[in-house]
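For reference, query-v8.csv is printed below; it contains CSV, C-alpha atoms.
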```
chain,number,residue,atom,x,y,z
A,1,LEU,CA,-10.8,8.3,34.5
A,2,SER,CA,-13.1,5.8,36.2
A,3,ALA,CA,-16.0,8.2,35.5
A,4,LEU,CA,-15.1,8.6,31.9
A,5,LYS,CA,-14.9,4.8,31.4
A,6,LYS,CA,-18.6,4.6,32.3
A,7,LEU,CA,-19.4,7.0,29.4
A,8,VAL,CA,-17.6,5.1,26.7
A,9,TYR,CA,-20.9,3.6,25.4
A,10,ILE,CA,-22.5,7.1,25.4
A,11,MET,CA,-19.6,8.5,23.5
A,12,VAL,CA,-19.9,5.7,20.9
A,13,ALA,CA,-23.6,6.2,20.6
A,14,VAL,CA,-23.1,10.0,20.1
A,15,LEU,CA,-20.5,9.3,17.4
A,16,ILE,CA,-22.8,6.8,15.5
A,17,THR,CA,-25.8,9.0,15.8
A,18,GLY,CA,-23.9,12.1,14.5
A,19,VAL,CA,-22.5,10.2,11.5
A,20,VAL,CA,-25.7,8.5,10.6
A,21,GLY,CA,-27.8,11.7,11.1
A,22,TRP,CA,-25.6,13.9,9.0
A,23,SER,CA,-25.2,11.2,6.3
A,24,LEU,CA,-28.9,10.9,5.9
A,25,MET,CA,-29.8,14.7,6.1
A,26,ALA,CA,-27.0,16.3,4.0
A,27,THR,CA,-25.2,15.7,0.7
A,28,GLY,CA,-21.8,16.5,-0.7
A,29,PRO,CA,-19.9,16.3,-4.0
A,30,THR,CA,-17.8,13.3,-3.1
A,31,THR,CA,-19.8,10.0,-3.3
A,32,LEU,CA,-18.8,7.1,-1.0
A,33,PHE,CA,-21.5,4.6,-1.7
A,34,GLY,CA,-25.0,4.9,-2.8
A,35,PRO,CA,-26.6,8.2,-1.5
A,36,ILE,CA,-23.9,8.6,1.2
A,37,THR,CA,-21.3,11.2,0.5
A,38,LEU,CA,-18.0,12.0,2.3
A,39,GLU,CA,-18.6,15.5,3.4
A,40,PRO,CA,-21.7,14.8,5.6
A,41,VAL,CA,-19.8,11.9,7.2
A,42,LEU,CA,-16.9,14.2,8.1
A,43,GLN,CA,-19.3,16.8,9.4
A,44,GLY,CA,-21.0,14.1,11.5
A,45,VAL,CA,-17.7,13.0,13.0
A,46,ALA,CA,-16.8,16.6,13.8
A,47,THR,CA,-20.1,17.3,15.5
A,48,ALA,CA,-19.9,14.0,17.5
A,49,LEU,CA,-16.4,14.9,18.6
A,50,ARG,CA,-17.5,18.3,19.7
A,51,THR,CA,-20.3,16.8,21.8
A,52,ALA,CA,-18.1,14.1,23.2
A,53,ILE,CA,-15.4,16.6,24.2
A,54,GLY,CA,-18.1,18.8,25.9
A,55,ILE,CA,-19.4,15.8,27.8
A,56,ALA,CA,-15.9,14.6,28.8
A,57,SER,CA,-14.8,18.1,29.8
A,58,SER,CA,-17.9,18.5,32.0
A,59,ILE,CA,-17.4,15.2,33.7
A,60,ILE,CA,-13.7,15.9,34.4
A,61,MET,CA,-14.6,19.4,35.8
A,62,LEU,CA,-17.3,17.9,38.1
A,63,CYS,CA,-15.1,15.1,39.2
A,64,THR,CA,-12.1,17.3,40.1
A,65,THR,CA,-13.8,20.4,41.5
A,66,ARG,CA,-16.0,20.4,44.7
A,67,ASN,CA,-19.3,22.3,44.7
A,68,GLU,CA,-17.9,24.6,47.4
A,69,GLU,CA,-15.1,25.6,45.1
A,70,PHE,CA,-17.6,26.5,42.4
A,71,ALA,CA,-19.5,28.7,44.8
A,72,GLU,CA,-16.4,30.4,46.1
A,73,ALA,CA,-15.1,31.0,42.6
A,74,LEU,CA,-18.4,32.7,41.6
A,75,SER,CA,-18.2,34.9,44.7
A,76,ARG,CA,-14.6,35.8,43.8
A,77,PHE,CA,-16.0,37.2,40.6
A,78,LYS,CA,-18.2,39.5,42.7
A,79,LEU,CA,-21.4,37.6,41.9
A,80,PRO,CA,-24.1,37.3,44.6
A,81,TYR,CA,-23.4,34.4,46.9
A,82,ARG,CA,-27.0,33.3,46.4
A,83,LEU,CA,-26.2,32.6,42.8
A,84,GLY,CA,-23.2,30.5,43.8
A,85,PHE,CA,-25.3,28.5,46.3
A,86,ALA,CA,-28.0,28.0,43.7
A,87,PHE,CA,-25.5,26.7,41.2
A,88,SER,CA,-23.8,24.3,43.6
A,89,SER,CA,-27.2,23.1,44.7
A,90,ALA,CA,-28.2,22.4,41.1
A,91,LEU,CA,-25.0,20.3,40.7
A,92,ARG,CA,-26.1,18.2,43.7
A,93,MET,CA,-29.5,17.5,42.1
A,94,ALA,CA,-28.4,14.8,39.7
A,95,PRO,CA,-26.5,12.7,42.3
A,96,THR,CA,-29.4,13.1,44.7
A,97,LEU,CA,-31.9,11.9,42.1
A,98,ILE,CA,-29.7,8.9,41.3
A,99,GLY,CA,-29.4,8.1,45.0
A,100,MET,CA,-33.2,8.3,45.5
A,101,THR,CA,-33.8,6.1,42.4
A,102,THR,CA,-31.4,3.5,43.8
A,103,THR,CA,-33.2,3.6,47.2
A,104,VAL,CA,-36.6,3.2,45.6
A,105,ARG,CA,-35.3,0.4,43.3
A,106,ASP,CA,-33.8,-1.5,46.3
A,107,ALA,CA,-37.1,-1.0,48.2
A,108,GLN,CA,-39.1,-2.4,45.3
A,109,ARG,CA,-36.7,-5.3,44.9
A,110,SER,CA,-37.2,-6.2,48.6
A,111,ARG,CA,-40.9,-6.4,47.9
A,112,GLY,CA,-40.4,-8.9,45.1
A,113,LEU,CA,-40.2,-6.7,42.0
A,114,ASP,CA,-38.0,-8.3,39.3
A,115,LEU,CA,-36.1,-5.6,37.4
A,116,ASP,CA,-33.4,-7.8,35.9
A,117,SER,CA,-35.3,-10.3,33.7
A,118,GLY,CA,-36.7,-9.7,30.2
A,119,SER,CA,-35.5,-7.7,27.2
A,120,PHE,CA,-34.0,-4.2,27.4
A,121,PHE,CA,-37.4,-2.6,26.7
A,122,ASP,CA,-39.1,-4.8,29.4
A,123,ARG,CA,-36.5,-3.7,32.0
A,124,PHE,CA,-36.9,-0.1,30.9
A,125,ARG,CA,-40.6,-0.3,31.2
A,126,LYS,CA,-40.2,-1.7,34.8
A,127,PHE,CA,-37.9,1.2,35.7
A,128,VAL,CA,-40.4,3.9,34.6
A,129,PRO,CA,-42.7,3.7,37.6
A,130,LEU,CA,-39.7,4.1,39.9
A,131,PHE,CA,-39.0,7.6,38.7
A,132,ALA,CA,-42.1,9.2,40.1
A,133,PRO,CA,-41.4,8.3,43.8
A,134,ALA,CA,-37.7,9.1,43.3
A,135,PHE,CA,-38.7,12.5,42.0
A,136,LEU,CA,-41.1,13.1,44.8
A,137,LEU,CA,-38.5,12.1,47.4
A,138,THR,CA,-36.0,14.5,45.8
A,139,MET,CA,-38.6,17.3,45.9
A,140,ARG,CA,-39.2,16.6,49.5
A,141,GLY,CA,-35.5,16.8,50.3
A,142,THR,CA,-35.3,20.1,48.4
A,143,ASP,CA,-38.2,21.5,50.4
A,144,GLN,CA,-36.5,20.4,53.6
A,145,LEU,CA,-33.2,22.0,52.5
A,146,ALA,CA,-35.1,25.3,51.8
A,147,MET,CA,-36.6,25.3,55.3
A,148,ALA,CA,-33.2,24.5,56.8
A,149,ILE,CA,-31.4,27.3,55.1
A,150,GLU,CA,-34.2,29.7,55.9
A,151,ALA,CA,-34.1,28.7,59.5
A,152,LYS,CA,-30.4,29.4,59.6
A,153,GLY,CA,-31.0,33.0,58.2
A,154,PHE,CA,-29.7,32.4,54.7
A,155,GLY,CA,-29.9,35.6,52.7
A,156,TYR,CA,-30.3,37.9,55.7
A,157,GLN,CA,-27.1,39.7,55.0
A,158,PRO,CA,-26.0,40.9,51.5
A,159,ASN,CA,-22.5,39.6,52.1
A,160,ARG,CA,-21.2,36.6,53.9
A,161,GLY,CA,-17.9,35.0,54.8
A,162,ASN,CA,-16.6,31.7,53.5
A,163,TYR,CA,-14.3,29.2,55.3
A,164,LEU,CA,-12.9,28.1,51.9
A,165,LYS,CA,-10.1,30.4,50.5
A,166,LEU,CA,-9.0,29.7,46.9
A,167,GLU,CA,-5.5,30.7,46.0
A,168,MET,CA,-4.0,30.8,42.5
A,169,LYS,CA,-0.8,28.7,41.9
A,170,PRO,CA,1.7,29.0,39.1
A,171,ILE,CA,0.2,26.0,37.4
A,172,ASP,CA,-3.1,27.8,37.3
A,173,TYR,CA,-1.6,30.8,35.5
A,174,ILE,CA,0.1,28.5,33.0
A,175,LEU,CA,-3.1,26.6,32.3
A,176,ILE,CA,-5.0,29.9,31.8
A,177,ALA,CA,-2.4,31.2,29.4
A,178,LEU,CA,-2.5,27.9,27.4
A,179,SER,CA,-6.3,28.0,27.3
A,180,ILE,CA,-6.2,31.6,25.9
A,181,ILE,CA,-3.6,30.6,23.3
A,182,PHE,CA,-5.8,27.6,22.3
A,183,VAL,CA,-8.9,29.8,22.0
A,184,ILE,CA,-7.0,32.3,19.9
A,185,VAL,CA,-5.7,29.6,17.6
A,186,ALA,CA,-9.1,28.1,17.3
A,187,ILE,CA,-10.7,31.4,16.4
A,188,TYR,CA,-8.0,32.0,13.8
A,189,ILE,CA,-8.5,28.6,12.2
A,190,SER,CA,-12.3,29.2,12.2
A,191,VAL,CA,-12.0,32.7,10.6
A,192,LYS,CA,-9.5,31.6,8.0
A,193,ASN,CA,-11.5,28.4,7.2
A,194,LEU,CA,-8.5,26.2,7.6
A,195,PHE,CA,-8.9,22.4,7.4
A,196,VAL,CA,-12.3,22.8,5.9
A,197,VAL,CA,-13.0,20.0,3.5
A,198,TYR,CA,-16.4,21.1,2.3
A,199,GLU,CA,-18.8,23.8,3.5
A,200,LEU,CA,-22.2,22.2,3.9
```

Mind turning the file's structure into structure tokens?
Amino acid sequence: LSALKKLVYIMVAVLITGVVGWSLMATGPTTLFGPITLEPVLQGVATALRTAIGIASSIIMLCTTRNEEFAEALSRFKLPYRLGFAFSSALRMAPTLIGMTTTVRDAQRSRGLDLDSGSFFDRFRKFVPLFAPAFLLTMRGTDQLAMAIEAKGFGYQPNRGNYLKLEMKPIDYILIALSIIFVIVAIYISVKNLFVVYEL
């Protein structure tokens, strides 16, 4: 929940952008005021809610599931363990890049760079030069990781063991069943065009 609270402003921005964008680009038979009609507004709200739900679901999944569990789950589906490792490594890239950016920012602040004064655009302009060294440091770390796993013989054998063993619990089966039911209901609603106000 603490991670979702940090995304409230992003969710609001997505909602406003979706409503404004659809209202300006599409029209419907029900006039609200001026050139704005009801149907594009509802479509914008629906699109924004889909995007917000996708973002929230991704954040919840990443905050409640470890990278090792992702890799183990993929291997349980008989996928190559290299694919699971690549996927889990990709998930680590964003926190790594954020950490590198924070390190570079603190280093520049210690040298006297003022990043807090000025307008929003001024502060953003000051942050842009920090991304290049942060990106280069991340690439260096990635290269070191590649050399480390190669030195340890990664990929030498087609199969490998894993210390992490995932076991299904009753609550897992219940959630899977509920998810299947929700998907079936959603497909039925979509096919039957239920709750459709206006087809743009």

Per residue of stretch 39-142 of chain A within 12 Å of stretch 165-174 of chain A, record the nearest atom pair and its distance in Å to one decimal, counting all atoms listed in the file, with rows in chain order and ascending residue number, as CSV.
```
residue,atom,partner,partner_atom,distance
A:Thr65,CA,A:Leu166,CA,11.8
A:Arg66,CA,A:Leu166,CA,11.8
A:Glu68,CA,A:Lys165,CA,10.2
A:Glu69,CA,A:Leu166,CA,7.6
A:Phe70,CA,A:Leu166,CA,10.2
A:Ala71,CA,A:Leu166,CA,10.8
A:Glu72,CA,A:Leu166,CA,7.5
A:Ala73,CA,A:Leu166,CA,7.6
A:Leu74,CA,A:Leu166,CA,11.2
A:Ser75,CA,A:Leu166,CA,10.8
A:Arg76,CA,A:Leu166,CA,8.8
```

Find, counting only C-alpha atoms, the residue in A:Leu79, A:Leu91, A:Leu130, A:Asp122 that gets nearest to A:Ala107. A:Leu130

Which neighbours of stretch 11-21 of chain A fall inside 8 Å, counting all atoms listed in the file, when residues of the same chain fewer than 2 positions from it are skipped, and could you give them as number ranges by chain? A: 7-9, 23-25, 40-45, 47-49, 51-52

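Nearest residue to A:Trp22, choosing from A:Ala46, A:Ala3, A:Met139, A:Ile189 and counting only C-alpha atoms: A:Ala46.
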
Just how far from atom CA of A:Gly112 is atom CA of A:Lys126, in Å to one decimal? 12.6 Å

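When atom CA of A:Ser190 is paired with atom CA of A:Pro29, their separation reads 22.1 Å.
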
Extract, using all atoms listed in the file, all DNA, RNA and protein residues at most 12 Å from A:Ala132, discarding same-chain residues fewer than 3 positions from it, and format them as an mmCIF file with C-alpha atoms, in the coordinates of the input.
```cif
data_model
loop_
_atom_site.group_PDB
_atom_site.id
_atom_site.type_symbol
_atom_site.label_atom_id
_atom_site.label_comp_id
_atom_site.auth_asym_id
_atom_site.auth_seq_id
_atom_site.Cartn_x
_atom_site.Cartn_y
_atom_site.Cartn_z
ATOM 1 C CA LEU A 97 -31.900 11.900 42.100
ATOM 2 C CA MET A 100 -33.200 8.300 45.500
ATOM 3 C CA THR A 101 -33.800 6.100 42.400
ATOM 4 C CA VAL A 104 -36.600 3.200 45.600
ATOM 5 C CA ARG A 105 -35.300 0.400 43.300
ATOM 6 C CA PHE A 127 -37.900 1.200 35.700
ATOM 7 C CA VAL A 128 -40.400 3.900 34.600
ATOM 8 C CA PRO A 129 -42.700 3.700 37.600
ATOM 9 C CA PHE A 135 -38.700 12.500 42.000
ATOM 10 C CA LEU A 136 -41.100 13.100 44.800
ATOM 11 C CA LEU A 137 -38.500 12.100 47.400
ATOM 12 C CA THR A 138 -36.000 14.500 45.800
ATOM 13 C CA MET A 139 -38.600 17.300 45.900
#
```

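Comparing A:Asn67, A:Ile181, A:Asp114, A:Gln108 by their smallest distance to A:Leu164, the closest is A:Asn67 (using all atoms listed in the file).
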
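One distance worth recording is that between atom CA of A:Leu113 and atom CA of A:Thr96, which is 22.7 Å.
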
Could you check the closest approach to A:Gly155 for each of A:Pro95, A:Thr30, A:Ala86, A:Leu178 and tell me which residue wins, using all atoms listed in the file? A:Ala86

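Candidate residues A:Val191, A:Ile180, A:Ile55, A:Met61 were compared for distance to A:Ile10, and the nearest is A:Ile55, using only C-alpha atoms.
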
Counting only C-alpha atoms, what are the residues of stretch 31-89 of chain A within 12 Å of stretch 148-151 of chain A, and for each of them which pair of atoms is the nearest and at what distance in Å, to one decimal? Sort the table by chain and rising number, as a tab-separated table.
```
residue	atom	partner	partner_atom	distance
A:Arg82	CA	A:Ile149	CA	11.4
A:Phe85	CA	A:Ile149	CA	10.8
A:Ala86	CA	A:Ile149	CA	11.9
A:Ser89	CA	A:Ile149	CA	12.0
```
